[in-house]
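K.L.:
Quick one: structure below, then a few questions.
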Amino acid sequence: MHTDTDLPSAHGQLLLQIARAAISNVLGQAVVLPEAVGQSADVLQASGASFVTLSQHGQLRGCIGSLQAHRPLIKDIQANAVAAALHDPRFAPLTLAELDITTVEVSVLSAMQPLPFTSEAHALAQLRPGVDGVVFEFGRYRSTFLPQVWEQLPDAGEFMAHLKHKAGLAPDFWAPGVRLQRYTVSKFKEAKGTS
């Protein structure tokens with residue numbers, strides 16, 4: 001499993017190219033990727049978990065990902081890029097005409113770490129704003145926020161309330177049986193104007 005979340009930026013540029021090419025290809029605009037060699041090839045073939053986030057003019061346009069590594073990182077990024085473009089239920093499928101104004105971001109996740117706590121206040125006190133991605137689970141309810149969400153929700157209490165709401169629960173919900181896990185990411189985002 002891929003646990004090093006400090007990937008060199010050279011890998012990041014390749015990951016972004018892979019994600020954009022997967023979207024371009026599924027929308028009918030054929031793109032050939034450069035051959036990955038050496039350490040880049042090793043990183044891509046290792047099992048990894050990723051999220052692909054699409055935005056337009058700073059607004060979310062799609063985000064799909066994997067929380068657990070279960071396939072080679074290259075396959076995970078390709079599948080999540082296509083899913084973010086075409087299958088995010090919050091948005092209509094991306095069109096080829098939109099691709100030039102769409103910014104791609106790839107986040108490669110570390111392994112999950114259980115977050116032990118004795119109360120919600122104890123859990124909130126352990127969270128690292130801007131660093132931790134969090135998975136919230138209670139029975140069949142489950143949600144996650146990438147560390148990037150701290151940019152919009154910098155307060156731990158507000159972050160947790162929105163995470164519970166995303167799972168389908170009341171923002172003030174708390175009960176025995178709540179489970180939390182955290183993870184970190186290596187995040188790579190296209191420069192503005194990249195097409």
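Ordering of the structure tokens sets the chain letters (A, B, ...), residue numbers begin anew at 1 in every chain, and ligands are numbered from 1 in the order given.
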As a ChimeraX atom specification, list the residues of chain A assigned to strand (DSSP E or B) by DSSP on the backbone atoms of this structure.

P.N.:
/A:47,49-56,59-65,72,103-109,113-114,133-138,141-145,179-183,185-189

K.L.:
Counting only C-alpha atoms, what is within 12 Å of Glu158 in chain A, bar same-chain residues fewer than 5 positions away, as an mmCIF file with all heavy atoms, in the first residue's frame?

P.N.:
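Output (part.cif):
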```
data_model
loop_
_atom_site.group_PDB
_atom_site.id
_atom_site.type_symbol
_atom_site.label_atom_id
_atom_site.label_comp_id
_atom_site.auth_asym_id
_atom_site.auth_seq_id
_atom_site.Cartn_x
_atom_site.Cartn_y
_atom_site.Cartn_z
ATOM 1 N N LEU A 124 -12.332 16.335 18.262
ATOM 2 C CA LEU A 124 -12.088 17.617 17.608
ATOM 3 C C LEU A 124 -10.733 18.192 17.994
ATOM 4 O O LEU A 124 -10.039 18.780 17.160
ATOM 5 C CB LEU A 124 -13.199 18.614 17.960
ATOM 6 C CG LEU A 124 -14.591 18.276 17.435
ATOM 7 C CD1 LEU A 124 -15.610 19.294 17.927
ATOM 8 C CD2 LEU A 124 -14.604 18.182 15.920
ATOM 9 N N PRO A 129 -6.248 20.899 11.499
ATOM 10 C CA PRO A 129 -6.815 21.650 10.377
ATOM 11 C C PRO A 129 -5.785 21.850 9.259
ATOM 12 O O PRO A 129 -4.632 22.170 9.515
ATOM 13 C CB PRO A 129 -7.213 22.985 11.005
ATOM 14 C CG PRO A 129 -7.510 22.631 12.440
ATOM 15 C CD PRO A 129 -6.475 21.574 12.777
ATOM 16 N N VAL A 149 -10.744 20.683 2.333
ATOM 17 C CA VAL A 149 -12.014 21.252 2.793
ATOM 18 C C VAL A 149 -11.798 22.205 3.975
ATOM 19 O O VAL A 149 -12.608 23.107 4.201
ATOM 20 C CB VAL A 149 -13.021 20.123 3.130
ATOM 21 C CG1 VAL A 149 -14.307 20.666 3.735
ATOM 22 C CG2 VAL A 149 -13.339 19.321 1.868
ATOM 23 N N TRP A 150 -10.691 22.034 4.691
ATOM 24 C CA TRP A 150 -10.384 22.957 5.794
ATOM 25 C C TRP A 150 -10.290 24.400 5.292
ATOM 26 O O TRP A 150 -10.489 25.345 6.062
ATOM 27 C CB TRP A 150 -9.073 22.568 6.482
ATOM 28 C CG TRP A 150 -9.145 21.318 7.309
ATOM 29 C CD1 TRP A 150 -8.665 20.081 6.960
ATOM 30 C CD2 TRP A 150 -9.693 21.160 8.625
ATOM 31 N NE1 TRP A 150 -8.892 19.179 7.976
ATOM 32 C CE2 TRP A 150 -9.515 19.821 9.003
ATOM 33 C CE3 TRP A 150 -10.310 22.043 9.505
ATOM 34 C CZ2 TRP A 150 -9.940 19.331 10.236
ATOM 35 C CZ3 TRP A 150 -10.738 21.552 10.740
ATOM 36 C CH2 TRP A 150 -10.549 20.207 11.090
ATOM 37 N N GLU A 151 -9.959 24.589 4.006
ATOM 38 C CA GLU A 151 -9.869 25.953 3.464
ATOM 39 C C GLU A 151 -11.218 26.669 3.545
ATOM 40 O O GLU A 151 -11.273 27.873 3.762
ATOM 41 C CB GLU A 151 -9.372 25.919 2.011
ATOM 42 C CG GLU A 151 -7.951 25.407 1.886
ATOM 43 C CD GLU A 151 -7.554 25.074 0.454
ATOM 44 O OE1 GLU A 151 -8.252 25.505 -0.501
ATOM 45 O OE2 GLU A 151 -6.542 24.375 0.281
ATOM 46 N N GLN A 152 -12.331 25.925 3.381
ATOM 47 C CA GLN A 152 -13.669 26.508 3.497
ATOM 48 C C GLN A 152 -14.229 26.403 4.909
ATOM 49 O O GLN A 152 -15.084 27.197 5.301
ATOM 50 C CB GLN A 152 -14.657 25.817 2.543
ATOM 51 C CG GLN A 152 -14.485 26.161 1.074
ATOM 52 C CD GLN A 152 -13.428 25.309 0.402
ATOM 53 O OE1 GLN A 152 -13.385 24.104 0.589
ATOM 54 N NE2 GLN A 152 -12.553 25.940 -0.364
ATOM 55 N N LEU A 153 -13.778 25.406 5.657
ATOM 56 C CA LEU A 153 -14.302 25.150 7.010
ATOM 57 C C LEU A 153 -13.138 25.042 8.000
ATOM 58 O O LEU A 153 -12.808 23.946 8.461
ATOM 59 C CB LEU A 153 -15.117 23.848 7.016
ATOM 60 C CG LEU A 153 -16.311 23.773 6.066
ATOM 61 C CD1 LEU A 153 -16.855 22.356 5.986
ATOM 62 C CD2 LEU A 153 -17.405 24.748 6.516
ATOM 63 N N LEU A 163 -19.375 17.451 7.984
ATOM 64 C CA LEU A 163 -19.050 16.059 7.660
ATOM 65 C C LEU A 163 -20.207 15.138 8.054
ATOM 66 O O LEU A 163 -20.575 14.233 7.298
ATOM 67 C CB LEU A 163 -17.763 15.661 8.388
ATOM 68 C CG LEU A 163 -17.113 14.340 8.015
ATOM 69 C CD1 LEU A 163 -16.784 14.271 6.535
ATOM 70 C CD2 LEU A 163 -15.840 14.139 8.835
ATOM 71 N N LYS A 164 -20.817 15.389 9.214
ATOM 72 C CA LYS A 164 -21.977 14.594 9.651
ATOM 73 C C LYS A 164 -23.170 14.855 8.735
ATOM 74 O O LYS A 164 -23.887 13.921 8.360
ATOM 75 C CB LYS A 164 -22.321 14.920 11.113
ATOM 76 C CG LYS A 164 -21.265 14.399 12.089
ATOM 77 C CD LYS A 164 -21.640 14.640 13.533
ATOM 78 C CE LYS A 164 -21.328 16.053 13.938
ATOM 79 N NZ LYS A 164 -21.474 16.247 15.409
ATOM 80 N N HIS A 165 -23.377 16.104 8.354
ATOM 81 C CA HIS A 165 -24.474 16.441 7.442
ATOM 82 C C HIS A 165 -24.281 15.744 6.098
ATOM 83 O O HIS A 165 -25.233 15.215 5.507
ATOM 84 C CB HIS A 165 -24.554 17.961 7.268
ATOM 85 C CG HIS A 165 -25.686 18.390 6.394
ATOM 86 N ND1 HIS A 165 -25.525 18.690 5.064
ATOM 87 C CD2 HIS A 165 -27.007 18.547 6.663
ATOM 88 C CE1 HIS A 165 -26.699 19.017 4.554
ATOM 89 N NE2 HIS A 165 -27.618 18.942 5.500
ATOM 90 N N PRO A 171 -26.261 17.848 11.997
ATOM 91 C CA PRO A 171 -24.945 18.420 12.296
ATOM 92 C C PRO A 171 -24.524 18.281 13.761
ATOM 93 O O PRO A 171 -23.339 18.232 14.056
ATOM 94 C CB PRO A 171 -25.097 19.900 11.912
ATOM 95 C CG PRO A 171 -26.206 19.908 10.903
ATOM 96 C CD PRO A 171 -27.142 18.804 11.313
ATOM 97 N N ASP A 172 -25.500 18.182 14.675
ATOM 98 C CA ASP A 172 -25.156 18.048 16.099
ATOM 99 C C ASP A 172 -25.209 16.596 16.577
ATOM 100 O O ASP A 172 -25.112 16.310 17.769
ATOM 101 C CB ASP A 172 -26.072 18.921 16.959
ATOM 102 C CG ASP A 172 -27.542 18.512 16.847
ATOM 103 O OD1 ASP A 172 -27.882 17.663 15.992
ATOM 104 O OD2 ASP A 172 -28.355 19.055 17.628
#
```

K.L.:
Which neighbours of Ala81 in chain A fall inside 7 Å, counting only C-alpha atoms, when residues of the same chain fewer than 4 positions from it are skipped, and could you give them as a PyMOL selection string?

P.N.:
chain A and resi 19+22-23+52+77+85

K.L.:
Could you save the residues just selected, with all heavy atoms, as a compact mmCIF listing (two decimals), in the first residue's frame?

P.N.:
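Output file again.txt follows:
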```
# COMPACT_ATOMS: atom_id res chain seq x y z
N ALA A 19 -4.77 11.96 -15.30
CA ALA A 19 -6.19 12.25 -15.02
C ALA A 19 -6.83 12.99 -16.19
O ALA A 19 -7.92 12.64 -16.65
CB ALA A 19 -6.30 13.07 -13.74
N ALA A 22 -7.34 10.72 -19.23
CA ALA A 22 -8.45 9.78 -19.06
C ALA A 22 -9.78 10.46 -19.37
O ALA A 22 -10.65 9.89 -20.04
CB ALA A 22 -8.46 9.22 -17.64
N ILE A 23 -9.93 11.71 -18.91
CA ILE A 23 -11.16 12.46 -19.18
C ILE A 23 -11.26 12.79 -20.67
O ILE A 23 -12.31 12.60 -21.30
CB ILE A 23 -11.22 13.74 -18.33
CG1 ILE A 23 -11.27 13.39 -16.83
CG2 ILE A 23 -12.41 14.60 -18.72
CD1 ILE A 23 -11.02 14.56 -15.90
N VAL A 52 -9.93 12.52 -7.41
CA VAL A 52 -9.77 13.48 -8.50
C VAL A 52 -10.88 14.51 -8.35
O VAL A 52 -12.07 14.16 -8.26
CB VAL A 52 -9.83 12.80 -9.88
CG1 VAL A 52 -9.76 13.85 -10.99
CG2 VAL A 52 -8.69 11.80 -10.02
N ILE A 77 -6.43 6.52 -10.47
CA ILE A 77 -6.56 7.90 -10.94
C ILE A 77 -7.40 7.96 -12.21
O ILE A 77 -8.29 8.81 -12.34
CB ILE A 77 -5.17 8.53 -11.15
CG1 ILE A 77 -4.49 8.75 -9.79
CG2 ILE A 77 -5.27 9.85 -11.92
CD1 ILE A 77 -3.04 9.15 -9.88
N ALA A 85 -15.73 13.22 -13.77
CA ALA A 85 -16.21 13.94 -14.95
C ALA A 85 -17.64 13.54 -15.35
O ALA A 85 -18.43 14.39 -15.75
CB ALA A 85 -15.27 13.72 -16.13
```

K.L.:
So which residues of range 24-107 of chain A fall under helix (DSSP H, G or I) by DSSP, listed as JSON, numbers by chain?

P.N.:
{"A": [24, 25, 26, 38, 39, 40, 41, 42, 43, 44, 45, 73, 74, 75, 76, 77, 78, 79, 80, 81, 82, 83, 84, 85, 86, 96, 97, 98, 99, 100, 101]}

K.L.:
Extract, using only C-alpha atoms, all DNA, RNA and protein residues at most 8 Å from Gly28 in chain A, discarding same-chain residues fewer than 3 positions from it, and format them as a ChimeraX atom specification.

P.N.:
/A:24-25,96

K.L.:
Would you save the residues of that selection, restricted to all heavy atoms, as an mmCIF file, in the first residue's frame?

P.N.:
```cif
data_model
loop_
_atom_site.group_PDB
_atom_site.id
_atom_site.type_symbol
_atom_site.label_atom_id
_atom_site.label_comp_id
_atom_site.auth_asym_id
_atom_site.auth_seq_id
_atom_site.Cartn_x
_atom_site.Cartn_y
_atom_site.Cartn_z
ATOM 1 N N SER A 24 -10.168 13.282 -21.244
ATOM 2 C CA SER A 24 -10.162 13.626 -22.677
ATOM 3 C C SER A 24 -10.539 12.420 -23.523
ATOM 4 O O SER A 24 -11.368 12.522 -24.440
ATOM 5 C CB SER A 24 -8.774 14.121 -23.104
ATOM 6 O OG SER A 24 -8.451 15.325 -22.454
ATOM 7 N N ASN A 25 -9.935 11.283 -23.218
ATOM 8 C CA ASN A 25 -10.184 10.074 -24.004
ATOM 9 C C ASN A 25 -11.642 9.629 -23.915
ATOM 10 O O ASN A 25 -12.241 9.260 -24.928
ATOM 11 C CB ASN A 25 -9.243 8.947 -23.576
ATOM 12 C CG ASN A 25 -7.807 9.202 -24.013
ATOM 13 O OD1 ASN A 25 -7.559 9.892 -24.993
ATOM 14 N ND2 ASN A 25 -6.854 8.669 -23.269
ATOM 15 N N LEU A 96 -17.133 17.853 -23.575
ATOM 16 C CA LEU A 96 -15.843 18.173 -24.185
ATOM 17 C C LEU A 96 -15.645 19.685 -24.254
ATOM 18 O O LEU A 96 -14.538 20.190 -24.041
ATOM 19 C CB LEU A 96 -15.750 17.545 -25.575
ATOM 20 C CG LEU A 96 -14.401 17.676 -26.285
ATOM 21 C CD1 LEU A 96 -13.269 17.083 -25.449
ATOM 22 C CD2 LEU A 96 -14.455 17.001 -27.647
#
```

K.L.:
List as a list of chain:residue names the protein and nucleic acid residues near Ser119 in chain A, meaning an atom at most 12 Å away when only C-alpha atoms are counted, but skip any in the same chain fewer than 5 places from it.

P.N.:
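Surrounding residues, per the criterion: A:Leu124, A:Ala125, A:Gln126, A:Trp174, A:Ala175, A:Pro176, A:Gly177, A:Val178, A:Arg179, A:Leu180.
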
K.L.:
Generate a file of the selected residues that holds C-alpha atoms, formatted as a short mmCIF file (atom, residue, chain, number, x, y, z; two decimals), in the first residue's frame.

P.N.:
```cif
data_model
loop_
_atom_site.label_atom_id
_atom_site.label_comp_id
_atom_site.auth_asym_id
_atom_site.auth_seq_id
_atom_site.Cartn_x
_atom_site.Cartn_y
_atom_site.Cartn_z
CA LEU A 124 -12.09 17.62 17.61
CA ALA A 125 -9.07 18.54 19.74
CA GLN A 126 -6.96 15.92 17.93
CA TRP A 174 -23.10 12.21 18.25
CA ALA A 175 -23.49 8.71 19.69
CA PRO A 176 -21.51 5.74 20.94
CA GLY A 177 -20.48 3.80 17.85
CA VAL A 178 -19.19 6.81 15.90
CA ARG A 179 -15.88 5.89 14.25
CA LEU A 180 -13.34 8.33 12.87
#
```

K.L.:
Rank nothing, just name the residue among A:Cys63, A:Val108, A:Ala21, A:Val26 nearest to Asp76 in chain A, using only C-alpha atoms.

P.N.:
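Among the listed residues, the smallest separation from Asp76 in chain A belongs to A:Val108.
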
K.L.:
Which residues of range 113-149 of chain A come within 10 Å of range 185-188 of chain A, and for each one, what is the closest pair of atoms and their distance in Å to one decimal, counting only C-alpha atoms, sorted by chain and residue number, as CSV?

P.N.:
```
residue,atom,partner,partner_atom,distance
A:Val131,CA,A:Val185,CA,8.0
A:Asp132,CA,A:Val185,CA,8.2
A:Gly133,CA,A:Val185,CA,7.6
A:Leu146,CA,A:Val185,CA,7.9
A:Pro147,CA,A:Val185,CA,7.3
A:Gln148,CA,A:Lys187,CA,8.8
```

K.L.:
Take the residues from that selection and write them out as a PDB file, in the first residue's frame, keeping C-alpha atoms.

P.N.:
```
ATOM      1  CA  VAL A 131      -3.569  18.467   7.359  1.00  0.00           C
ATOM      2  CA  ASP A 132      -6.115  15.754   8.144  1.00  0.00           C
ATOM      3  CA  GLY A 133      -8.652  14.265   5.819  1.00  0.00           C
ATOM      4  CA  LEU A 146     -10.255  15.808   2.012  1.00  0.00           C
ATOM      5  CA  PRO A 147      -7.808  18.069   3.884  1.00  0.00           C
ATOM      6  CA  GLN A 148      -8.525  20.769   1.267  1.00  0.00           C
TER       7      GLN A 148
END
```

K.L.:
As an exercise, work out the distance from CA of Val106 in chain A to CA of Thr144 in chain A in Å and give it to one decimal place.

P.N.:
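Separating CA of Val106 in chain A from CA of Thr144 in chain A is a distance of 15.9 Å.
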
K.L.:
By how many Å are CA of Gly168 in chain A and CA of Arg142 in chain A apart?

P.N.:
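CA of Gly168 in chain A sits 8.2 Å away from CA of Arg142 in chain A.
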
K.L.:
Could you list, as a VMD selection string, every residue within 10 Å of Pro114 in chain A, counting only C-alpha atoms and ignoring same-chain residues fewer than 4 positions away?

P.N.:
chain A and resid 134 to 135 179 to 183

K.L.:
Show which residues sit within 12 Å of range 37-49 of chain A, as an NGL selection string. Count only C-alpha atoms, and ignore same-chain residues fewer than 3 positions away.

P.N.:
:A and (1-15 or 18 or 34 or 52 or 64-80 or 106-112 or 183-186)

K.L.:
With C-alpha atoms kept, could you save the residues just selected as a CSV table (one decimal), in the first residue's frame?

P.N.:
```
chain,number,residue,atom,x,y,z
A,1,MET,CA,0.0,0.0,0.0
A,2,HIS,CA,1.2,3.5,-0.8
A,3,THR,CA,1.8,5.4,2.4
A,4,ASP,CA,4.4,8.1,1.5
A,5,THR,CA,2.3,11.2,0.9
A,6,ASP,CA,5.2,13.4,0.0
A,7,LEU,CA,5.4,12.6,-3.7
A,8,PRO,CA,7.8,14.7,-5.7
A,9,SER,CA,6.2,17.4,-8.0
A,10,ALA,CA,7.5,15.6,-11.0
A,11,HIS,CA,5.2,12.7,-10.1
A,12,GLY,CA,2.4,15.2,-9.5
A,13,GLN,CA,2.6,16.6,-13.0
A,14,LEU,CA,2.5,13.1,-14.5
A,15,LEU,CA,-0.6,12.2,-12.2
A,18,ILE,CA,-3.0,10.9,-16.5
A,34,PRO,CA,4.2,9.8,-22.2
A,52,VAL,CA,-9.8,13.5,-8.5
A,64,ILE,CA,-14.8,11.1,-6.9
A,65,GLY,CA,-12.2,9.0,-5.1
A,66,SER,CA,-11.1,5.9,-3.3
A,67,LEU,CA,-10.5,5.7,0.4
A,68,GLN,CA,-8.6,2.4,0.3
A,69,ALA,CA,-5.8,1.3,-2.0
A,70,HIS,CA,-7.2,-1.6,-4.0
A,71,ARG,CA,-5.6,-1.2,-7.5
A,72,PRO,CA,-2.5,0.3,-9.1
A,73,LEU,CA,-2.4,4.1,-8.6
A,74,ILE,CA,-2.5,4.8,-12.3
A,75,LYS,CA,-5.8,2.7,-12.7
A,76,ASP,CA,-7.3,4.4,-9.6
A,77,ILE,CA,-6.6,7.9,-10.9
A,78,GLN,CA,-7.9,7.1,-14.4
A,79,ALA,CA,-11.1,5.5,-13.0
A,80,ASN,CA,-11.7,8.4,-10.5
A,106,VAL,CA,-5.3,14.8,-7.9
A,107,SER,CA,-4.9,13.9,-4.3
A,108,VAL,CA,-3.0,10.7,-3.3
A,109,LEU,CA,-4.1,9.4,0.1
A,110,SER,CA,-2.0,8.0,2.8
A,111,ALA,CA,-3.1,4.9,4.7
A,112,MET,CA,-6.0,5.4,7.0
A,183,TYR,CA,-5.4,10.4,6.5
A,184,THR,CA,-3.2,12.9,4.7
A,185,VAL,CA,-2.8,13.6,1.0
A,186,SER,CA,-0.2,14.7,-1.5
```
